[in-house]
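Here's the structure we're looking at; comments come further down.
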Amino acid sequence: MYSESAGTRKTLGDVDVLYHDGIYHLFHLVLPNHDFIAHAVSNNCLQWRRVENALFLGDPGGWDDSMLWTIHVTPDPHKPGSWRMFYTGLSRRDQGSKQRIGMAVSDDLYHWTKAPVNWKDRRSPLPYELPGRPPQPPFSYDPDSCFPLDPDPQYYESDVCEGRHWISWRDPFFYQDDEHRWLLAAGRIKDGPVVRRGCVARMEEVAPNQFEARPPLYHPGLYDDVEVPNLIKIDGEYYLIGSLREDAKIRYWHTRDVDAPWRSYADNVLLASGNYAGRVCADDEGYLLFSFFTPGGVDRVTFNLMPPPKRLVRRSTGHLEVRSFERFDEFVDGTIDTTQLQPLDLGRESNVECRQSGGLMCECLSGFQGFVLPQNVSCFRLDAELEMLDSGKCGILFRIDRDTRDGYYLSLDLFKGVAQFRSWGSNGEGSGEEMMRFDSLQSGYWQNETPGKAKVRLLAFGSYLEFSIGDKVILSLADKAFSKGAAGFYIESGQLLVDHLHVDKLTPPLQTDEHLANG
């Protein structure tokens, strides 16, 4: 996990990760001020250390003197061994109502220089002298520069008098293959219903560091904005990944030819609600999908943190899916005995039977019963094959207090393919009607090929919680309500067969969630 320090008003914003020489370089926004781009490094994506900040707000009079927004760092195709950072800037002149895109360059990923811009400082002259003041304007001016990039009125909303009176032109993403060198952005077409104009805008690099506007790469016709676009190509198929404010999910579209229509699968959600601003990073093993997670629902500007990445893969059907990050294997520190499951409520009629196959059949024909391992656990990875033998309810319990039953409840409908994370507990004595505490944390869905059966994986690593069906991650979130307790399964009026149960103990994060930003 990676977050800003506890006890401050700062929180993590949009992220971008670049892999180079065995090191992952994280660049991210710092909210709410948006006044600099932070830089952190890691060799495993699970433990991060902050290093020198990458970029700062422009001086007054510059095009980026109000705020810095989303960035994308990529190798410079015109200067091997160097990098370009495309970033979003807002100016005080526009009072933040118009977004633009600029560029900075670096030879080492640590020291960044902003590119010259075709921008005029329109502040009035001072009526008095300031001896020793640096030369003005406070930026490098070049009348031939294309930066900062504005939306072209031929294709996009470009004037604050249009639409929402607030210009979307942000979240740059540079894409290059044998045929294209494009800079994508979150933009809006200039016509149609105002809150349905969100598109993936496109600019083409026609000469080194010179970009010209092109028609949108894709306009779904449904969303207010398609934020933080990514474009990748896998096995001859193009995939466009974007984040949507409407439901705070990360989705994708696909096509064989970028000039052909972009298509959507019935389920095109990559990460469940709360995971946002997804960014793709290529490393030695393929693609990783990073994002930030916000526990505040639609707020998204407080208490954000970055979960571990997911491995992004293409299935034989053409669908994309995210899988659990393989580097968790390095944190395995022994296994837990799973030969016995004990009922939580000794007073309720229930039964655990060991089958000849080695599986455990848990039965509670009336009411609720939990069946848990003897040992309390904190950080772990649980794998099992589950089969519901009738039409009752089932799920997974973990970090459960054996006396109060407070803890996490993962509800599973193995027939419809529904998973729901819940934090269920109690407040202090004397809290009356408010004593019961029930928080629905996240829901996810899958298509169950064999109704009633599923191969499941649950991972708890510090405050990070992850649930997979087969290889596909369904739920991914962070929560700090409970840190340790019993783990197992629950039945409500039914029979559950638990087979091939295996639980790995995981070494907890070496740094607490609150201090990962500090190193």
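Here, A, B, ... name the chains of the structure tokens in the order displayed, residue numbers run from 1 inside each chain, and ligands are numbered from 1 in the same displayed order.
For A:Tyr223, the set of protein, DNA and RNA residues having any atom at most 12 Å away, when counting only C-alpha atoms and skipping those fewer than 3 positions along the same chain, is Ala186, Gly187, Arg188, Ile189, Gly192, Pro193, Val194, Val195, Arg196, Arg197, Gly198, Cys199, Val200, Tyr218, His219, Pro220, Val226, Glu227, Gly242, Ser243, Leu244, Arg245, Glu246, Asp247, Ala248 and Arg251 of chain A.
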Taking C-alpha atoms for each residue, export the selection above as a short mmCIF file (atom, residue, chain, number, x, y, z; two decimals), in the first residue's frame.
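The resulting file, part16.cif, is reproduced below:
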```cif
data_model
loop_
_atom_site.label_atom_id
_atom_site.label_comp_id
_atom_site.auth_asym_id
_atom_site.auth_seq_id
_atom_site.Cartn_x
_atom_site.Cartn_y
_atom_site.Cartn_z
CA ALA A 186 -9.78 13.33 -21.70
CA GLY A 187 -11.72 15.77 -23.88
CA ARG A 188 -15.29 16.49 -24.99
CA ILE A 189 -16.91 16.73 -28.40
CA GLY A 192 -24.76 16.81 -28.24
CA PRO A 193 -26.24 16.46 -24.75
CA VAL A 194 -23.93 18.31 -22.38
CA VAL A 195 -23.27 15.46 -19.95
CA ARG A 196 -22.78 12.91 -22.77
CA ARG A 197 -19.91 14.58 -24.61
CA GLY A 198 -16.97 12.86 -22.91
CA CYS A 199 -14.52 11.35 -25.38
CA VAL A 200 -10.93 10.18 -25.76
CA TYR A 218 -13.54 7.24 -29.33
CA HIS A 219 -16.75 8.90 -28.17
CA PRO A 220 -19.00 6.44 -26.28
CA VAL A 226 -13.65 9.46 -20.08
CA GLU A 227 -10.86 10.10 -17.60
CA GLY A 242 -10.69 4.65 -19.11
CA SER A 243 -12.20 5.67 -15.78
CA LEU A 244 -15.75 6.97 -15.45
CA ARG A 245 -16.91 9.33 -12.75
CA GLU A 246 -20.49 8.15 -13.06
CA ASP A 247 -19.85 4.89 -11.18
CA ALA A 248 -16.17 5.28 -10.18
CA ARG A 251 -13.71 0.09 -17.96
#
```
* To do: Using only C-alpha atoms, determine which residues lie at most 9 Å from stretch 229-241 of chain A, disregarding the query and same-chain residues fewer than 3 positions distant; provide the list as a ChimeraX atom specification.
  => /A:171-175,177,184-186,200,218,226,250-258,262,270,277-280,313-314,318,320
Give me a file of those residues, with N, CA and C atoms, as a PDB file, in the first residue's frame.
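Dumped everything to selection-v9.pdb:
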```pdb
ATOM      1  N   ASP A 171      -5.308  14.621 -18.514  1.00  0.00           N
ATOM      2  CA  ASP A 171      -4.967  13.197 -18.415  1.00  0.00           C
ATOM      3  C   ASP A 171      -4.261  12.682 -19.671  1.00  0.00           C
ATOM      4  N   PRO A 172      -3.151  13.298 -20.082  1.00  0.00           N
ATOM      5  CA  PRO A 172      -2.485  12.878 -21.320  1.00  0.00           C
ATOM      6  C   PRO A 172      -1.948  11.457 -21.238  1.00  0.00           C
ATOM      7  N   PHE A 173      -1.932  10.797 -22.391  1.00  0.00           N
ATOM      8  CA  PHE A 173      -1.336   9.456 -22.504  1.00  0.00           C
ATOM      9  C   PHE A 173      -0.699   9.353 -23.884  1.00  0.00           C
ATOM     10  N   PHE A 174       0.613   9.114 -23.906  1.00  0.00           N
ATOM     11  CA  PHE A 174       1.323   8.991 -25.181  1.00  0.00           C
ATOM     12  C   PHE A 174       1.344   7.537 -25.619  1.00  0.00           C
ATOM     13  N   TYR A 175       0.975   7.310 -26.884  1.00  0.00           N
ATOM     14  CA  TYR A 175       0.969   5.955 -27.442  1.00  0.00           C
ATOM     15  C   TYR A 175       1.774   5.950 -28.738  1.00  0.00           C
ATOM     16  N   ASP A 177       3.246   3.068 -31.804  1.00  0.00           N
ATOM     17  CA  ASP A 177       3.550   1.768 -32.391  1.00  0.00           C
ATOM     18  C   ASP A 177       4.166   2.025 -33.765  1.00  0.00           C
ATOM     19  N   LEU A 184      -3.105  11.104 -26.334  1.00  0.00           N
ATOM     20  CA  LEU A 184      -4.526  11.043 -26.006  1.00  0.00           C
ATOM     21  C   LEU A 184      -4.814  11.934 -24.806  1.00  0.00           C
ATOM     22  N   ALA A 185      -6.073  12.303 -24.648  1.00  0.00           N
ATOM     23  CA  ALA A 185      -6.474  13.148 -23.525  1.00  0.00           C
ATOM     24  C   ALA A 185      -7.960  12.943 -23.253  1.00  0.00           C
ATOM     25  N   ALA A 186      -8.365  13.304 -22.049  1.00  0.00           N
ATOM     26  CA  ALA A 186      -9.779  13.333 -21.702  1.00  0.00           C
ATOM     27  C   ALA A 186     -10.342  14.653 -22.214  1.00  0.00           C
ATOM     28  N   VAL A 200     -12.386  10.298 -25.798  1.00  0.00           N
ATOM     29  CA  VAL A 200     -10.928  10.183 -25.764  1.00  0.00           C
ATOM     30  C   VAL A 200     -10.406  11.011 -26.924  1.00  0.00           C
ATOM     31  N   TYR A 218     -12.283   7.936 -29.657  1.00  0.00           N
ATOM     32  CA  TYR A 218     -13.538   7.240 -29.333  1.00  0.00           C
ATOM     33  C   TYR A 218     -14.441   8.158 -28.529  1.00  0.00           C
ATOM     34  N   VAL A 226     -14.385  10.725 -20.138  1.00  0.00           N
ATOM     35  CA  VAL A 226     -13.653   9.460 -20.077  1.00  0.00           C
ATOM     36  C   VAL A 226     -12.272   9.818 -19.548  1.00  0.00           C
ATOM     37  N   ILE A 250     -13.328   1.378 -13.494  1.00  0.00           N
ATOM     38  CA  ILE A 250     -12.398   1.385 -14.613  1.00  0.00           C
ATOM     39  C   ILE A 250     -12.922   0.404 -15.663  1.00  0.00           C
ATOM     40  N   ARG A 251     -13.123   0.899 -16.886  1.00  0.00           N
ATOM     41  CA  ARG A 251     -13.708   0.086 -17.959  1.00  0.00           C
ATOM     42  C   ARG A 251     -12.786   0.071 -19.174  1.00  0.00           C
ATOM     43  N   TYR A 252     -13.147  -0.774 -20.157  1.00  0.00           N
ATOM     44  CA  TYR A 252     -12.336  -0.838 -21.369  1.00  0.00           C
ATOM     45  C   TYR A 252     -13.202  -1.130 -22.592  1.00  0.00           C
ATOM     46  N   TRP A 253     -12.636  -0.780 -23.772  1.00  0.00           N
ATOM     47  CA  TRP A 253     -13.243  -1.058 -25.069  1.00  0.00           C
ATOM     48  C   TRP A 253     -12.174  -1.659 -25.973  1.00  0.00           C
ATOM     49  N   HIS A 254     -12.575  -2.257 -27.103  1.00  0.00           N
ATOM     50  CA  HIS A 254     -11.601  -2.972 -27.928  1.00  0.00           C
ATOM     51  C   HIS A 254     -11.945  -2.842 -29.401  1.00  0.00           C
ATOM     52  N   THR A 255     -10.921  -3.010 -30.254  1.00  0.00           N
ATOM     53  CA  THR A 255     -11.107  -3.024 -31.703  1.00  0.00           C
ATOM     54  C   THR A 255      -9.874  -3.641 -32.346  1.00  0.00           C
ATOM     55  N   ARG A 256     -10.052  -4.222 -33.535  1.00  0.00           N
ATOM     56  CA  ARG A 256      -8.917  -4.740 -34.304  1.00  0.00           C
ATOM     57  C   ARG A 256      -8.259  -3.642 -35.130  1.00  0.00           C
ATOM     58  N   ASP A 257      -9.024  -2.601 -35.430  1.00  0.00           N
ATOM     59  CA  ASP A 257      -8.535  -1.509 -36.261  1.00  0.00           C
ATOM     60  C   ASP A 257      -9.009  -0.208 -35.635  1.00  0.00           C
ATOM     61  N   VAL A 258      -8.097   0.698 -35.326  1.00  0.00           N
ATOM     62  CA  VAL A 258      -8.489   1.929 -34.634  1.00  0.00           C
ATOM     63  C   VAL A 258      -9.406   2.796 -35.482  1.00  0.00           C
ATOM     64  N   TRP A 262     -15.146   1.060 -32.095  1.00  0.00           N
ATOM     65  CA  TRP A 262     -14.748   0.461 -30.822  1.00  0.00           C
ATOM     66  C   TRP A 262     -15.942  -0.281 -30.247  1.00  0.00           C
ATOM     67  N   LEU A 270     -13.016  -3.535 -15.416  1.00  0.00           N
ATOM     68  CA  LEU A 270     -11.755  -4.137 -14.995  1.00  0.00           C
ATOM     69  C   LEU A 270     -11.603  -4.142 -13.482  1.00  0.00           C
ATOM     70  N   ALA A 277      -8.887   6.040 -11.845  1.00  0.00           N
ATOM     71  CA  ALA A 277      -7.731   6.606 -12.553  1.00  0.00           C
ATOM     72  C   ALA A 277      -6.705   5.529 -12.869  1.00  0.00           C
ATOM     73  N   GLY A 278      -7.142   4.439 -13.500  1.00  0.00           N
ATOM     74  CA  GLY A 278      -6.250   3.339 -13.823  1.00  0.00           C
ATOM     75  C   GLY A 278      -5.170   3.734 -14.816  1.00  0.00           C
ATOM     76  N   ARG A 279      -3.940   3.286 -14.546  1.00  0.00           N
ATOM     77  CA  ARG A 279      -2.830   3.527 -15.447  1.00  0.00           C
ATOM     78  C   ARG A 279      -2.109   2.215 -15.737  1.00  0.00           C
ATOM     79  N   VAL A 280      -1.748   2.000 -17.006  1.00  0.00           N
ATOM     80  CA  VAL A 280      -1.077   0.785 -17.439  1.00  0.00           C
ATOM     81  C   VAL A 280       0.435   1.011 -17.430  1.00  0.00           C
ATOM     82  N   VAL A 313      -4.156  -9.137 -18.260  1.00  0.00           N
ATOM     83  CA  VAL A 313      -3.945 -10.179 -19.268  1.00  0.00           C
ATOM     84  C   VAL A 313      -5.120 -10.210 -20.240  1.00  0.00           C
ATOM     85  N   ARG A 314      -4.848 -10.745 -21.406  1.00  0.00           N
ATOM     86  CA  ARG A 314      -5.880 -10.955 -22.422  1.00  0.00           C
ATOM     87  C   ARG A 314      -6.217 -12.437 -22.478  1.00  0.00           C
ATOM     88  N   GLY A 318     -10.550 -12.821 -26.032  1.00  0.00           N
ATOM     89  CA  GLY A 318     -10.361 -11.415 -26.331  1.00  0.00           C
ATOM     90  C   GLY A 318     -10.643 -10.508 -25.154  1.00  0.00           C
ATOM     91  N   LEU A 320     -10.274  -8.733 -21.540  1.00  0.00           N
ATOM     92  CA  LEU A 320      -9.222  -8.406 -20.585  1.00  0.00           C
ATOM     93  C   LEU A 320      -9.684  -8.786 -19.189  1.00  0.00           C
TER      94      LEU A 320
END
```
* For each of A:Ala54, A:Leu397, A:Leu477, A:Ile101, take the minimum atom-to-atom distance to A:Pro295, counting only C-alpha atoms, then give the residue where this is smallest. =>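 Comparing A:Ala54, A:Leu397, A:Leu477, A:Ile101 against A:Pro295, the winner is A:Leu477.
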* Asked: Which is closest to A:Lys249 among A:Gly274, A:Pro138, A:Gly81, A:Pro32, if we use only C-alpha atoms?
  ->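 Once distances to A:Lys249 are computed over only C-alpha atoms, the minimum belongs to A:Gly274.
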* **Residue set, stretch 11-73 of chain A restricted to strand (DSSP E), as a ChimeraX atom specification** => /A:11-20,23-31,36-42,49-50,55-56,67-73
Restricting the output to C-alpha atoms, write the selected residues as a short mmCIF file (atom, residue, chain, number, x, y, z; two decimals), in the first residue's frame.
```cif
data_model
loop_
_atom_site.label_atom_id
_atom_site.label_comp_id
_atom_site.auth_asym_id
_atom_site.auth_seq_id
_atom_site.Cartn_x
_atom_site.Cartn_y
_atom_site.Cartn_z
CA THR A 11 -3.97 12.60 -0.03
CA LEU A 12 -2.79 10.75 -3.10
CA GLY A 13 -4.30 11.56 -6.49
CA ASP A 14 -3.93 10.15 -10.00
CA VAL A 15 -0.91 7.87 -10.45
CA ASP A 16 1.43 6.95 -13.29
CA VAL A 17 4.09 4.23 -13.10
CA LEU A 18 7.09 3.66 -15.36
CA TYR A 19 9.33 0.57 -15.15
CA HIS A 20 13.03 1.05 -15.90
CA ILE A 23 12.78 -0.18 -10.66
CA TYR A 24 9.18 1.00 -10.70
CA HIS A 25 8.90 4.79 -10.73
CA LEU A 26 5.64 6.16 -9.38
CA PHE A 27 4.61 9.72 -10.21
CA HIS A 28 1.44 10.98 -8.59
CA LEU A 29 -0.65 14.00 -7.72
CA VAL A 30 -0.88 15.29 -4.17
CA LEU A 31 -4.35 16.57 -3.25
CA PHE A 36 3.63 19.38 -7.23
CA ILE A 37 4.15 15.95 -8.80
CA ALA A 38 5.56 13.49 -6.26
CA HIS A 39 7.98 10.67 -7.14
CA ALA A 40 8.41 7.34 -5.36
CA VAL A 41 10.38 4.20 -6.24
CA SER A 42 10.07 0.47 -5.56
CA ARG A 49 10.01 5.09 -0.86
CA ARG A 50 9.53 8.74 -1.69
CA LEU A 55 7.66 18.83 -10.95
CA PHE A 56 6.31 21.96 -9.32
CA MET A 67 -2.66 23.56 -10.43
CA LEU A 68 -0.92 20.47 -11.80
CA TRP A 69 -3.09 17.51 -12.75
CA THR A 70 -2.59 14.04 -14.25
CA ILE A 71 0.70 13.07 -15.89
CA HIS A 72 2.14 10.38 -18.15
CA VAL A 73 5.85 9.55 -18.24
#
```
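When only C-alpha atoms are used to measure the gap to A:Gln176, the shortest distance among A:Thr113, A:Thr74, A:Asn43, A:Gln210 belongs to A:Thr74.
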Show which residues sit within 7 Å of A:Ser145, as a PDB file with all heavy atoms, in the first residue's frame. Count only C-alpha atoms, and ignore same-chain residues fewer than 6 positions away.
```pdb
ATOM      1  N   PRO A 116       9.802  24.647 -23.410  1.00  0.00           N
ATOM      2  CA  PRO A 116       9.388  26.007 -23.753  1.00  0.00           C
ATOM      3  C   PRO A 116       7.942  26.022 -24.250  1.00  0.00           C
ATOM      4  O   PRO A 116       7.448  25.042 -24.829  1.00  0.00           O
ATOM      5  CB  PRO A 116      10.358  26.407 -24.865  1.00  0.00           C
ATOM      6  CG  PRO A 116      11.544  25.517 -24.667  1.00  0.00           C
ATOM      7  CD  PRO A 116      10.997  24.218 -24.147  1.00  0.00           C
ATOM      8  N   VAL A 117       7.282  27.141 -24.028  1.00  0.00           N
ATOM      9  CA  VAL A 117       5.857  27.251 -24.364  1.00  0.00           C
ATOM     10  C   VAL A 117       5.586  28.515 -25.164  1.00  0.00           C
ATOM     11  O   VAL A 117       6.304  29.513 -25.052  1.00  0.00           O
ATOM     12  CB  VAL A 117       4.981  27.246 -23.088  1.00  0.00           C
ATOM     13  CG1 VAL A 117       5.019  25.884 -22.418  1.00  0.00           C
ATOM     14  CG2 VAL A 117       5.435  28.333 -22.109  1.00  0.00           C
ATOM     15  N   ASN A 118       4.550  28.450 -25.963  1.00  0.00           N
ATOM     16  CA  ASN A 118       4.052  29.610 -26.694  1.00  0.00           C
ATOM     17  C   ASN A 118       2.920  30.218 -25.866  1.00  0.00           C
ATOM     18  O   ASN A 118       1.739  29.969 -26.106  1.00  0.00           O
ATOM     19  CB  ASN A 118       3.561  29.185 -28.076  1.00  0.00           C
ATOM     20  CG  ASN A 118       3.141  30.366 -28.934  1.00  0.00           C
ATOM     21  OD1 ASN A 118       3.254  31.524 -28.515  1.00  0.00           O
ATOM     22  ND2 ASN A 118       2.651  30.083 -30.116  1.00  0.00           N
TER      23      ASN A 118
END
```
* Might you pull out every residue within 12 Å of stretch 499-502 of chain A, with only C-alpha atoms counted and same-chain residues fewer than 2 positions away left off, and present them as a PyMOL selection string? => chain A and resi 334-341+353-362+373+380-388+453-459+488-489+496-497+504-505
* So how many Å separate atom CA of A:Leu305 and atom CA of A:Pro509, to one decimal? ->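 Distance reported for this atom pair: 14.6 Å.
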Show which residues sit within 9 Å of stretch 399-404 of chain A, as a PDB file with N, CA, C and O atoms, in the first residue's frame. Count only C-alpha atoms, and ignore same-chain residues fewer than 2 positions away.
```
ATOM      1  N   LEU A 344     -18.116 -21.475  15.244  1.00  0.00           N
ATOM      2  CA  LEU A 344     -18.036 -20.294  16.096  1.00  0.00           C
ATOM      3  C   LEU A 344     -19.043 -20.358  17.225  1.00  0.00           C
ATOM      4  O   LEU A 344     -18.756 -20.014  18.368  1.00  0.00           O
ATOM      5  N   ASP A 345     -20.256 -20.768  16.903  1.00  0.00           N
ATOM      6  CA  ASP A 345     -21.345 -20.820  17.886  1.00  0.00           C
ATOM      7  C   ASP A 345     -21.529 -22.268  18.319  1.00  0.00           C
ATOM      8  O   ASP A 345     -22.170 -23.061  17.621  1.00  0.00           O
ATOM      9  N   ASN A 376      -5.808 -17.680  14.896  1.00  0.00           N
ATOM     10  CA  ASN A 376      -6.120 -16.340  14.413  1.00  0.00           C
ATOM     11  C   ASN A 376      -5.065 -15.894  13.400  1.00  0.00           C
ATOM     12  O   ASN A 376      -3.885 -16.249  13.532  1.00  0.00           O
ATOM     13  N   VAL A 377      -5.501 -15.142  12.416  1.00  0.00           N
ATOM     14  CA  VAL A 377      -4.584 -14.705  11.364  1.00  0.00           C
ATOM     15  C   VAL A 377      -4.804 -13.218  11.079  1.00  0.00           C
ATOM     16  O   VAL A 377      -5.872 -12.666  11.341  1.00  0.00           O
ATOM     17  N   SER A 378      -3.756 -12.607  10.532  1.00  0.00           N
ATOM     18  CA  SER A 378      -3.829 -11.195  10.144  1.00  0.00           C
ATOM     19  C   SER A 378      -3.616 -11.062   8.647  1.00  0.00           C
ATOM     20  O   SER A 378      -4.540 -10.761   7.901  1.00  0.00           O
ATOM     21  N   LEU A 397     -15.500 -15.686   6.195  1.00  0.00           N
ATOM     22  CA  LEU A 397     -15.277 -14.825   7.356  1.00  0.00           C
ATOM     23  C   LEU A 397     -13.772 -14.624   7.541  1.00  0.00           C
ATOM     24  O   LEU A 397     -13.000 -15.554   7.340  1.00  0.00           O
ATOM     25  N   ASP A 406     -17.454  -9.600  15.486  1.00  0.00           N
ATOM     26  CA  ASP A 406     -17.109  -8.436  14.680  1.00  0.00           C
ATOM     27  C   ASP A 406     -15.996  -8.808  13.707  1.00  0.00           C
ATOM     28  O   ASP A 406     -15.051  -9.527  14.074  1.00  0.00           O
ATOM     29  N   GLY A 407     -16.074  -8.314  12.491  1.00  0.00           N
ATOM     30  CA  GLY A 407     -15.043  -8.598  11.507  1.00  0.00           C
ATOM     31  C   GLY A 407     -15.561  -8.427  10.097  1.00  0.00           C
ATOM     32  O   GLY A 407     -16.564  -7.741   9.848  1.00  0.00           O
ATOM     33  N   TYR A 408     -14.875  -9.057   9.141  1.00  0.00           N
ATOM     34  CA  TYR A 408     -15.235  -8.950   7.725  1.00  0.00           C
ATOM     35  C   TYR A 408     -16.052 -10.157   7.289  1.00  0.00           C
ATOM     36  O   TYR A 408     -15.714 -11.303   7.592  1.00  0.00           O
ATOM     37  N   TYR A 409     -17.101  -9.885   6.543  1.00  0.00           N
ATOM     38  CA  TYR A 409     -17.986 -10.901   6.007  1.00  0.00           C
ATOM     39  C   TYR A 409     -18.003 -10.739   4.480  1.00  0.00           C
ATOM     40  O   TYR A 409     -18.399  -9.685   3.967  1.00  0.00           O
ATOM     41  N   GLY A 425     -19.842  -5.051  12.556  1.00  0.00           N
ATOM     42  CA  GLY A 425     -19.389  -5.080  13.933  1.00  0.00           C
ATOM     43  C   GLY A 425     -20.294  -4.308  14.856  1.00  0.00           C
ATOM     44  O   GLY A 425     -21.487  -4.135  14.595  1.00  0.00           O
ATOM     45  N   SER A 426     -19.738  -3.845  15.948  1.00  0.00           N
ATOM     46  CA  SER A 426     -20.527  -3.163  16.968  1.00  0.00           C
ATOM     47  C   SER A 426     -19.756  -1.977  17.506  1.00  0.00           C
ATOM     48  O   SER A 426     -18.525  -2.005  17.608  1.00  0.00           O
ATOM     49  N   PHE A 482     -10.661  -3.804  10.804  1.00  0.00           N
ATOM     50  CA  PHE A 482     -10.247  -4.988  11.557  1.00  0.00           C
ATOM     51  C   PHE A 482      -8.881  -5.452  11.057  1.00  0.00           C
ATOM     52  O   PHE A 482      -8.610  -5.420   9.860  1.00  0.00           O
ATOM     53  N   SER A 483      -8.035  -5.888  11.987  1.00  0.00           N
ATOM     54  CA  SER A 483      -6.664  -6.223  11.616  1.00  0.00           C
ATOM     55  C   SER A 483      -6.285  -7.678  11.873  1.00  0.00           C
ATOM     56  O   SER A 483      -5.326  -8.175  11.287  1.00  0.00           O
ATOM     57  N   LYS A 484      -7.026  -8.383  12.753  1.00  0.00           N
ATOM     58  CA  LYS A 484      -6.649  -9.762  13.072  1.00  0.00           C
ATOM     59  C   LYS A 484      -7.838 -10.489  13.672  1.00  0.00           C
ATOM     60  O   LYS A 484      -8.699  -9.885  14.314  1.00  0.00           O
ATOM     61  N   GLY A 485      -7.879 -11.810  13.443  1.00  0.00           N
ATOM     62  CA  GLY A 485      -8.948 -12.606  14.038  1.00  0.00           C
ATOM     63  C   GLY A 485      -9.083 -13.944  13.351  1.00  0.00           C
ATOM     64  O   GLY A 485      -8.183 -14.394  12.622  1.00  0.00           O
ATOM     65  N   ALA A 486     -10.200 -14.581  13.585  1.00  0.00           N
ATOM     66  CA  ALA A 486     -10.459 -15.900  13.016  1.00  0.00           C
ATOM     67  C   ALA A 486     -10.785 -15.782  11.535  1.00  0.00           C
ATOM     68  O   ALA A 486     -11.283 -14.754  11.067  1.00  0.00           O
ATOM     69  N   ALA A 487     -10.506 -16.863  10.788  1.00  0.00           N
ATOM     70  CA  ALA A 487     -10.808 -16.908   9.360  1.00  0.00           C
ATOM     71  C   ALA A 487     -11.429 -18.249   9.032  1.00  0.00           C
ATOM     72  O   ALA A 487     -11.056 -19.283   9.609  1.00  0.00           O
TER      73      ALA A 487
END
```
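The coordinates place atom CA of A:Gly163 at 13.8 Å from atom CA of A:Pro151.
Closest approach to A:Leu410 among A:Ser91, A:Ser366, A:Ser493, A:Ser443: A:Ser443, based on only C-alpha atoms.
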* **helix (DSSP H, G or I) residues, from DSSP on the backbone, in stretch 304-349 of chain A, as an MDAnalysis selection string** => chainID A and resid 326:331
* **All residues 10 Å or closer to A:Pro343, only C-alpha atoms, same chain fewer than 6 positions away omitted, as a ChimeraX atom specification** => /A:349-352,362,364,369-374,488-490
* **Å distance separating atom CA of A:Ala478 from atom CA of A:Ser3, one decimal place** => 11.3 Å
* To do: List the neighbours of A:Asp107 out to 10 Å using only C-alpha atoms; skip same-chain residues closer than 5 positions along the sequence, and give me the result as a PyMOL selection string.
  => chain A and resi 75-76+79-84+112-113
